[in-house]
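Participant: Here you go, structure_27.tsv (TSV, C-alpha atoms):
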```
chain	number	residue	atom	x	y	z
A	1	MET	CA	73.46	49.07	83.31
A	2	LYS	CA	76.39	50.35	85.36
A	3	ALA	CA	76.07	47.27	87.59
A	4	THR	CA	76.24	45.02	84.51
A	5	LEU	CA	79.40	46.73	83.32
A	6	GLU	CA	80.95	46.45	86.78
A	7	VAL	CA	80.27	42.71	86.91
A	8	ASP	CA	81.59	42.07	83.40
A	9	GLU	CA	84.74	44.10	84.02
A	10	HIS	CA	85.69	43.23	87.59
A	11	HIS	CA	84.05	39.99	88.77
A	12	TRP	CA	86.63	37.24	89.24
A	13	TRP	CA	84.65	34.70	87.19
A	14	TYR	CA	84.52	36.84	84.05
A	15	ARG	CA	88.11	37.98	84.44
A	16	GLY	CA	89.28	34.42	84.92
A	17	ARG	CA	87.23	33.08	82.05
A	18	ARG	CA	88.75	35.71	79.75
A	19	ARG	CA	92.18	34.39	80.70
A	20	VAL	CA	91.11	30.84	79.87
A	21	ILE	CA	89.59	31.86	76.53
A	22	ARG	CA	92.69	33.79	75.50
A	23	ALA	CA	94.88	30.81	76.39
A	24	GLU	CA	92.88	28.71	73.92
A	25	LEU	CA	92.52	31.29	71.16
A	26	ASP	CA	96.22	32.08	71.08
A	27	HIS	CA	96.86	28.56	69.75
A	28	LEU	CA	94.48	28.79	66.78
A	29	PRO	CA	95.91	29.33	63.27
A	30	LEU	CA	93.71	32.30	62.37
A	31	PRO	CA	94.20	34.39	59.23
A	32	ALA	CA	95.66	37.88	59.65
A	33	GLU	CA	92.36	39.58	58.73
A	34	ALA	CA	90.03	37.24	60.57
A	35	ARG	CA	86.32	37.92	60.94
A	36	VAL	CA	85.29	37.15	64.51
A	37	LEU	CA	81.81	36.72	66.05
A	38	ASP	CA	80.92	36.63	69.74
A	39	ALA	CA	77.57	34.81	69.76
A	40	GLY	CA	75.73	35.89	72.89
A	41	CYS	CA	78.02	38.83	73.51
A	42	GLY	CA	76.24	40.31	76.54
A	43	SER	CA	77.57	43.78	77.33
A	44	GLY	CA	80.39	43.31	74.82
A	45	ARG	CA	83.30	43.00	77.25
A	46	THR	CA	84.66	39.94	75.45
A	47	LEU	CA	84.70	41.92	72.21
A	48	GLN	CA	87.50	43.98	73.75
A	49	GLU	CA	89.58	40.79	73.90
A	50	LEU	CA	88.57	39.55	70.46
A	51	VAL	CA	89.72	42.68	68.59
A	52	ASP	CA	93.24	41.28	69.00
A	53	TYR	CA	92.27	38.48	66.61
A	54	GLY	CA	90.45	40.38	63.88
A	55	GLU	CA	87.35	42.37	62.93
A	56	VAL	CA	84.68	41.71	65.54
A	57	SER	CA	80.90	41.40	65.49
A	58	GLY	CA	78.45	40.42	68.20
A	59	ILE	CA	74.90	39.22	68.59
A	60	GLU	CA	72.84	39.41	71.77
A	61	LEU	CA	69.21	38.60	72.54
A	62	ASN	CA	68.85	41.15	75.37
A	63	THR	CA	68.34	44.61	73.90
A	64	GLU	CA	69.78	46.50	76.89
A	65	ALA	CA	72.94	44.37	76.89
A	66	ALA	CA	73.25	44.83	73.12
A	67	ALA	CA	73.05	48.59	73.59
A	68	LEU	CA	75.92	48.41	76.08
A	69	ALA	CA	77.93	46.34	73.62
A	70	ARG	CA	77.28	48.84	70.81
A	71	GLY	CA	78.41	51.62	73.11
A	72	ARG	CA	81.89	50.13	73.17
A	73	ALA	CA	82.18	51.00	69.45
A	74	LEU	CA	84.25	47.91	68.66
A	75	GLY	CA	82.20	46.49	65.79
A	76	GLU	CA	78.67	45.74	64.68
A	77	VAL	CA	76.32	44.30	67.30
A	78	GLN	CA	73.02	42.76	66.24
A	79	VAL	CA	70.00	41.85	68.35
A	80	GLY	CA	68.84	38.33	67.64
A	81	ARG	CA	68.83	34.63	68.41
A	82	LEU	CA	71.50	32.03	67.81
A	83	GLU	CA	69.03	29.93	65.86
A	84	ALA	CA	68.54	32.67	63.22
A	85	LEU	CA	71.79	34.59	62.68
A	86	PRO	CA	71.63	37.66	60.40
A	87	TRP	CA	74.81	36.92	58.44
A	88	GLU	CA	75.49	35.14	55.18
A	89	ASP	CA	76.95	31.67	54.97
A	90	ALA	CA	80.67	31.29	55.70
A	91	THR	CA	81.18	34.81	57.10
A	92	PHE	CA	83.41	34.20	60.12
A	93	ASP	CA	86.82	32.62	60.73
A	94	LEU	CA	86.30	32.41	64.50
A	95	ILE	CA	83.20	32.28	66.68
A	96	THR	CA	83.04	32.33	70.46
A	97	CYS	CA	79.90	31.23	72.30
A	98	LEU	CA	80.56	31.56	76.01
A	99	ASP	CA	78.03	30.11	78.45
A	100	VAL	CA	75.20	30.59	75.97
A	101	ILE	CA	73.98	27.31	74.47
A	102	GLU	CA	72.70	26.10	77.84
A	103	HIS	CA	70.13	28.91	77.51
A	104	VAL	CA	68.86	27.62	74.14
A	105	PRO	CA	66.06	25.01	73.95
A	106	ASP	CA	67.67	23.20	70.99
A	107	ASP	CA	71.44	23.41	71.32
A	108	ALA	CA	72.07	21.29	68.21
A	109	ALA	CA	69.99	23.72	66.11
A	110	ALA	CA	71.98	26.66	67.49
A	111	LEU	CA	75.27	24.91	66.77
A	112	THR	CA	74.10	24.09	63.25
A	113	GLU	CA	73.35	27.77	62.63
A	114	LEU	CA	76.73	28.78	64.04
A	115	ARG	CA	78.36	26.34	61.64
A	116	ARG	CA	76.45	27.90	58.74
A	117	VAL	CA	78.03	31.32	59.33
A	118	CYS	CA	81.51	29.87	59.95
A	119	ARG	CA	83.90	29.49	57.03
A	120	PRO	CA	85.08	25.98	56.12
A	121	GLY	CA	88.11	25.28	58.29
A	122	GLY	CA	87.00	27.97	60.76
A	123	TRP	CA	86.75	27.67	64.53
A	124	LEU	CA	84.17	27.77	67.32
A	125	LEU	CA	85.07	27.99	71.00
A	126	VAL	CA	82.21	27.03	73.34
A	127	THR	CA	81.99	27.12	77.13
A	128	VAL	CA	79.15	25.58	79.17
A	129	PRO	CA	78.36	24.68	82.79
A	130	ALA	CA	79.26	21.09	83.67
A	131	TYR	CA	77.52	18.18	85.41
A	132	GLN	CA	73.75	17.84	85.28
A	133	ALA	CA	74.01	16.33	88.76
A	134	LEU	CA	74.85	19.84	90.03
A	135	TRP	CA	71.58	21.32	88.74
A	136	SER	CA	70.38	23.86	91.30
A	137	ARG	CA	68.38	27.02	91.88
A	138	HIS	CA	71.31	28.86	90.27
A	139	ASP	CA	70.51	27.18	86.94
A	140	GLU	CA	66.79	27.87	87.23
A	141	ALA	CA	67.38	31.53	88.10
A	142	ASN	CA	69.67	31.90	85.09
A	143	HIS	CA	67.19	30.20	82.72
A	144	HIS	CA	69.38	27.23	81.88
A	145	TYR	CA	67.90	24.28	80.02
A	146	ARG	CA	70.74	21.91	80.94
A	147	ARG	CA	74.24	21.40	82.26
A	148	TYR	CA	76.69	19.30	80.25
A	149	SER	CA	78.75	16.17	80.46
A	150	ARG	CA	81.60	15.74	78.01
A	151	ALA	CA	79.54	13.16	76.13
A	152	ALA	CA	76.55	15.50	75.87
A	153	LEU	CA	78.63	18.41	74.61
A	154	ARG	CA	80.42	16.15	72.13
A	155	ALA	CA	77.09	14.82	70.87
A	156	ALA	CA	75.60	18.30	70.45
A	157	ALA	CA	78.70	19.43	68.53
A	158	ARG	CA	78.54	16.40	66.26
A	159	ALA	CA	74.82	16.94	65.64
A	160	GLY	CA	75.62	20.53	64.66
A	161	GLY	CA	78.16	19.36	62.09
A	162	TRP	CA	81.28	20.33	64.02
A	163	GLN	CA	84.54	18.45	64.38
A	164	LEU	CA	85.82	18.31	67.97
A	165	GLU	CA	89.46	19.38	68.21
A	166	ARG	CA	89.91	19.78	71.96
A	167	MET	CA	87.92	19.62	75.20
A	168	SER	CA	88.82	20.47	78.78
A	169	SER	CA	87.24	21.24	82.11
A	170	PHE	CA	88.07	24.46	83.94
A	171	ASN	CA	87.17	26.28	87.17
A	172	SER	CA	88.36	23.14	88.91
A	173	LEU	CA	89.25	24.41	92.38
A	174	LEU	CA	85.67	25.42	93.19
A	175	LEU	CA	84.12	22.16	91.98
A	176	ALA	CA	84.22	20.34	95.32
A	177	PRO	CA	82.88	23.19	97.52
A	178	ALA	CA	80.23	24.16	94.97
A	179	ALA	CA	79.11	20.56	94.64
A	180	ALA	CA	78.92	20.17	98.41
A	181	VAL	CA	76.81	23.32	98.80
A	182	ARG	CA	74.41	22.52	95.97
A	183	LEU	CA	73.89	18.91	96.94
A	184	ALA	CA	73.34	19.89	100.59
A	185	GLN	CA	70.79	22.52	99.58
A	186	ARG	CA	68.95	19.97	97.48
A	187	ARG	CA	68.96	17.40	100.28
A	188	LEU	CA	67.78	19.88	102.91
A	189	GLY	CA	65.35	21.70	100.66
A	190	THR	CA	66.95	25.08	101.41
A	191	HIS	CA	67.50	26.26	97.84
A	192	ASN	CA	64.51	28.62	97.74
A	193	GLY	CA	66.51	31.49	99.19
A	194	TYR	CA	68.73	31.85	96.16
A	195	THR	CA	70.59	35.14	95.77
A	196	ASN	CA	72.72	36.30	92.86
A	197	ASP	CA	76.32	35.14	93.32
A	198	LEU	CA	77.71	37.49	90.67
A	199	ASP	CA	77.80	40.62	92.80
A	200	VAL	CA	81.16	42.35	92.62
A	201	GLY	CA	82.84	42.01	95.99
A	202	PRO	CA	86.00	43.62	97.37
A	203	ALA	CA	88.89	43.92	94.93
A	204	TRP	CA	91.16	41.79	97.14
A	205	LEU	CA	88.62	38.94	97.18
A	206	ASN	CA	88.18	39.07	93.41
A	207	ASP	CA	91.97	38.86	93.05
A	208	VAL	CA	92.15	35.83	95.34
A	209	LEU	CA	89.33	33.98	93.57
A	210	GLU	CA	90.74	34.75	90.14
A	211	ARG	CA	94.15	33.25	90.86
A	212	PRO	CA	93.13	29.60	90.38
A	213	LEU	CA	91.68	30.43	86.98
A	214	ALA	CA	94.87	32.29	86.08
A	215	LEU	CA	96.84	29.15	86.94
A	216	GLU	CA	94.44	27.03	84.90
A	217	ALA	CA	94.84	29.37	81.94
A	218	SER	CA	98.62	28.94	82.14
A	219	TRP	CA	98.18	25.17	82.23
A	220	LEU	CA	95.82	25.17	79.23
A	221	ALA	CA	98.17	27.49	77.32
A	222	ARG	CA	100.72	24.66	77.38
A	223	GLY	CA	98.30	22.46	75.47
A	224	ARG	CA	97.26	20.48	78.53
A	225	THR	CA	93.76	19.78	79.84
A	226	LEU	CA	91.96	19.52	83.16
A	227	PRO	CA	89.90	16.43	84.03
A	228	ALA	CA	87.16	18.06	86.15
A	229	GLY	CA	85.68	21.48	86.87
A	230	LEU	CA	82.48	23.48	87.13
A	231	SER	CA	82.77	24.39	83.44
A	232	LEU	CA	83.64	22.73	80.14
A	233	LEU	CA	85.21	24.25	77.06
A	234	ALA	CA	85.35	22.78	73.59
A	235	VAL	CA	87.35	23.92	70.58
A	236	LEU	CA	85.41	22.92	67.46
A	237	ARG	CA	86.22	23.21	63.78
A	238	ARG	CA	84.01	23.36	60.74
A	239	PRO	CA	85.41	20.66	58.45
A	240	PRO	CA	87.35	22.15	55.53
A	241	ALA	CA	85.63	22.14	52.14
A	242	GLY	CA	86.22	19.06	50.07
```
Show how you would write the structure in this file as structure tokens.
Facilitator:
Amino acid sequence: MKATLEVDEHHWWYRGRRRVIRAELDHLPLPAEARVLDAGCGSGRTLQELVDYGEVSGIELNTEAAALARGRALGEVQVGRLEALPWEDATFDLITCLDVIEHVPDDAAALTELRRVCRPGGWLLVTVPAYQALWSRHDEANHHYRRYSRAALRAAARAGGWQLERMSSFNSLLLAPAAAVRLAQRRLGTHNGYTNDLDVGPAWLNDVLERPLALEASWLARGRTLPAGLSLLAVLRRPPAG
């Protein structure tokens, strides 16, 4: 559990992704007393960011991770699946679902259920891994069902009843080297020796690797987008009533 907390707190990817998410959320016209859900909250580290936007809740399938999230004492944390959320209709003003729907067999069903618990006019921010062509042992080890193109993410959102407001790539700098490594491993058949790439390394290295994501967050905060990257984000809205 301590290792999980260390990764969530200090690993450059999670730190950088939090910067990107905040850059997007700061633009949303949320009510002063917003209800906020992190769907697939893991250890709850993102909940610490979301308390700046309102009253937070989380849901997590893994019971040990949910226990860590509860231990942060930031809001209610339920154990459950995205396809069967334990809240009433139209509960939340904002939902985040960060690198989660690729783990779900039926992403459209999960997005439909997320829409059910979102208030009319409310928001959903989704992040997913990009490019099915980059499928690798990493995806298999992390129990992914798919990676996404923009068209695939747009189609899943539409099938779930969401209105797409904004889409952008991110984690762009590492796209070329990651693609080269994964395609070479596939060609040479050397992917069987997969090891976890989310170990927390030296602080200086985490700082160096986080800097490109910090720059991307600044770019996105200006309302701009990025054309390519290892990840995609989408800002979705439940259509207002009437």
Participant: Do a neighbour search on range 161-164 of chain A at 9 Å with all atoms listed in the file, toss out local chain neighbours closer than 4 positions, and write the hits as a VMD selection string.
Facilitator: chain A and resid 108 111 to 112 115 124 154 156 to 157 234 to 239
Participant: Report as CSV: every residue of range 112-181 of chain A with an atom at most 10 Å from range 36-47 of chain A, its closest pair of atoms, and their distance in Å to one decimal, counting all atoms listed in the file, with rows sorted by chain and ascending residue number.
Facilitator:
```
residue,atom,partner,partner_atom,distance
A:Leu114,CA,A:Ala39,CA,8.4
A:Val117,CA,A:Leu37,CA,9.4
A:Cys118,CA,A:Leu37,CA,9.2
A:Trp123,CA,A:Val36,CA,9.6
A:Leu124,CA,A:Leu37,CA,9.3
A:Leu125,CA,A:Asp38,CA,9.7
A:Val126,CA,A:Ala39,CA,9.7
```
Participant: So which one's closest to Glu216 in chain A, A:Tyr145, A:Tyr131, A:Phe170, A:Trp12? Using all atoms listed in the file, please.
Facilitator: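 Among A:Tyr145, A:Tyr131, A:Phe170, A:Trp12, it is A:Phe170 that comes nearest to Glu216 in chain A.
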Participant: Can you work out the spacing between CA of Leu232 in chain A and CA of Val128 in chain A in Å, to one decimal?
Facilitator: 5.4 Å
Participant: If you count only C-alpha atoms, which residues fall within 12 Å of Pro202 in chain A, apart from same-chain ones fewer than 2 positions away, as a PDB file with C-alpha atoms, keeping the file's coordinate frame?
Facilitator:
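Final output, around-v2.pdb:
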```pdb
ATOM      1  CA  VAL A   7      80.270  42.710  86.910  1.00  0.00           C
ATOM      2  CA  HIS A  10      85.690  43.230  87.590  1.00  0.00           C
ATOM      3  CA  HIS A  11      84.050  39.990  88.770  1.00  0.00           C
ATOM      4  CA  TRP A  12      86.630  37.240  89.240  1.00  0.00           C
ATOM      5  CA  ASP A 199      77.800  40.620  92.800  1.00  0.00           C
ATOM      6  CA  VAL A 200      81.160  42.350  92.620  1.00  0.00           C
ATOM      7  CA  TRP A 204      91.160  41.790  97.140  1.00  0.00           C
ATOM      8  CA  LEU A 205      88.620  38.940  97.180  1.00  0.00           C
ATOM      9  CA  ASN A 206      88.180  39.070  93.410  1.00  0.00           C
ATOM     10  CA  ASP A 207      91.970  38.860  93.050  1.00  0.00           C
ATOM     11  CA  VAL A 208      92.150  35.830  95.340  1.00  0.00           C
ATOM     12  CA  LEU A 209      89.330  33.980  93.570  1.00  0.00           C
TER      13      LEU A 209
END
```
Participant: Rounded to one decimal place, report the CA of Leu134 in chain A-CA of Arg186 in chain A distance in Å.
Facilitator: 9.5 Å
Participant: Work out how far CA of Leu220 in chain A is from CA of Asp93 in chain A, in Å to one decimal.
Facilitator: 21.9 Å
Participant: Go ahead and find all residues with at least one atom no further than 10 Å from (94.8, 29.7, 78.1) in the file's coordinates, using only C-alpha atoms; report them as a short mmCIF file (atom, residue, chain, number, x, y, z; two decimals) with C-alpha atoms, in the frame of the given file.
Facilitator:
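Once written, out_3.cif looks like this:
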```cif
data_model
loop_
_atom_site.label_atom_id
_atom_site.label_comp_id
_atom_site.auth_asym_id
_atom_site.auth_seq_id
_atom_site.Cartn_x
_atom_site.Cartn_y
_atom_site.Cartn_z
CA GLY A 16 89.28 34.42 84.92
CA ARG A 17 87.23 33.08 82.05
CA ARG A 18 88.75 35.71 79.75
CA ARG A 19 92.18 34.39 80.70
CA VAL A 20 91.11 30.84 79.87
CA ILE A 21 89.59 31.86 76.53
CA ARG A 22 92.69 33.79 75.50
CA ALA A 23 94.88 30.81 76.39
CA GLU A 24 92.88 28.71 73.92
CA LEU A 25 92.52 31.29 71.16
CA ASP A 26 96.22 32.08 71.08
CA HIS A 27 96.86 28.56 69.75
CA LEU A 213 91.68 30.43 86.98
CA ALA A 214 94.87 32.29 86.08
CA LEU A 215 96.84 29.15 86.94
CA GLU A 216 94.44 27.03 84.90
CA ALA A 217 94.84 29.37 81.94
CA SER A 218 98.62 28.94 82.14
CA TRP A 219 98.18 25.17 82.23
CA LEU A 220 95.82 25.17 79.23
CA ALA A 221 98.17 27.49 77.32
CA ARG A 222 100.72 24.66 77.38
CA GLY A 223 98.30 22.46 75.47
CA ARG A 224 97.26 20.48 78.53
#
```
Participant: Find the spatial neighbours of Ser57 in chain A, counting all atoms listed in the file, within a cut-off of 6 Å - ignore same-chain residues fewer than 3 positions away - and output them as a ChimeraX atom specification.
Facilitator: /A:37,75-77
Participant: Smallest atom-to-atom distance to Gln48 in chain A: which of A:Arg147, A:Arg187, A:Arg72, A:Arg211, using all atoms listed in the file?
Facilitator: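 Of A:Arg147, A:Arg187, A:Arg72, A:Arg211, the one nearest Gln48 in chain A is A:Arg72, counting all atoms listed in the file.
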Participant: Within 6 Å of (81.6, 29.8, 75.1) (coordinates as in the file), grab all the protein and nucleic acid residues, counting only C-alpha atoms, and write them out as a PyMOL selection string.
Facilitator: chain A and resi 96-99+125-127
Participant: Could you please take those selected residues and save C-alpha atoms as a PDB file, in the frame of the given file?
Facilitator:
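For reference, part.pdb as written:
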```
ATOM      1  CA  THR A  96      83.040  32.330  70.460  1.00  0.00           C
ATOM      2  CA  CYS A  97      79.900  31.230  72.300  1.00  0.00           C
ATOM      3  CA  LEU A  98      80.560  31.560  76.010  1.00  0.00           C
ATOM      4  CA  ASP A  99      78.030  30.110  78.450  1.00  0.00           C
ATOM      5  CA  LEU A 125      85.070  27.990  71.000  1.00  0.00           C
ATOM      6  CA  VAL A 126      82.210  27.030  73.340  1.00  0.00           C
ATOM      7  CA  THR A 127      81.990  27.120  77.130  1.00  0.00           C
TER       8      THR A 127
END
```
Participant: Given the choices A:Ala73, A:Leu85, A:Pro212, A:Arg182, which gets closest to Asp139 in chain A if the distance is worked out from all atoms listed in the file?
Facilitator: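 Checking each candidate against Asp139 in chain A, we get A:Arg182 as the closest.
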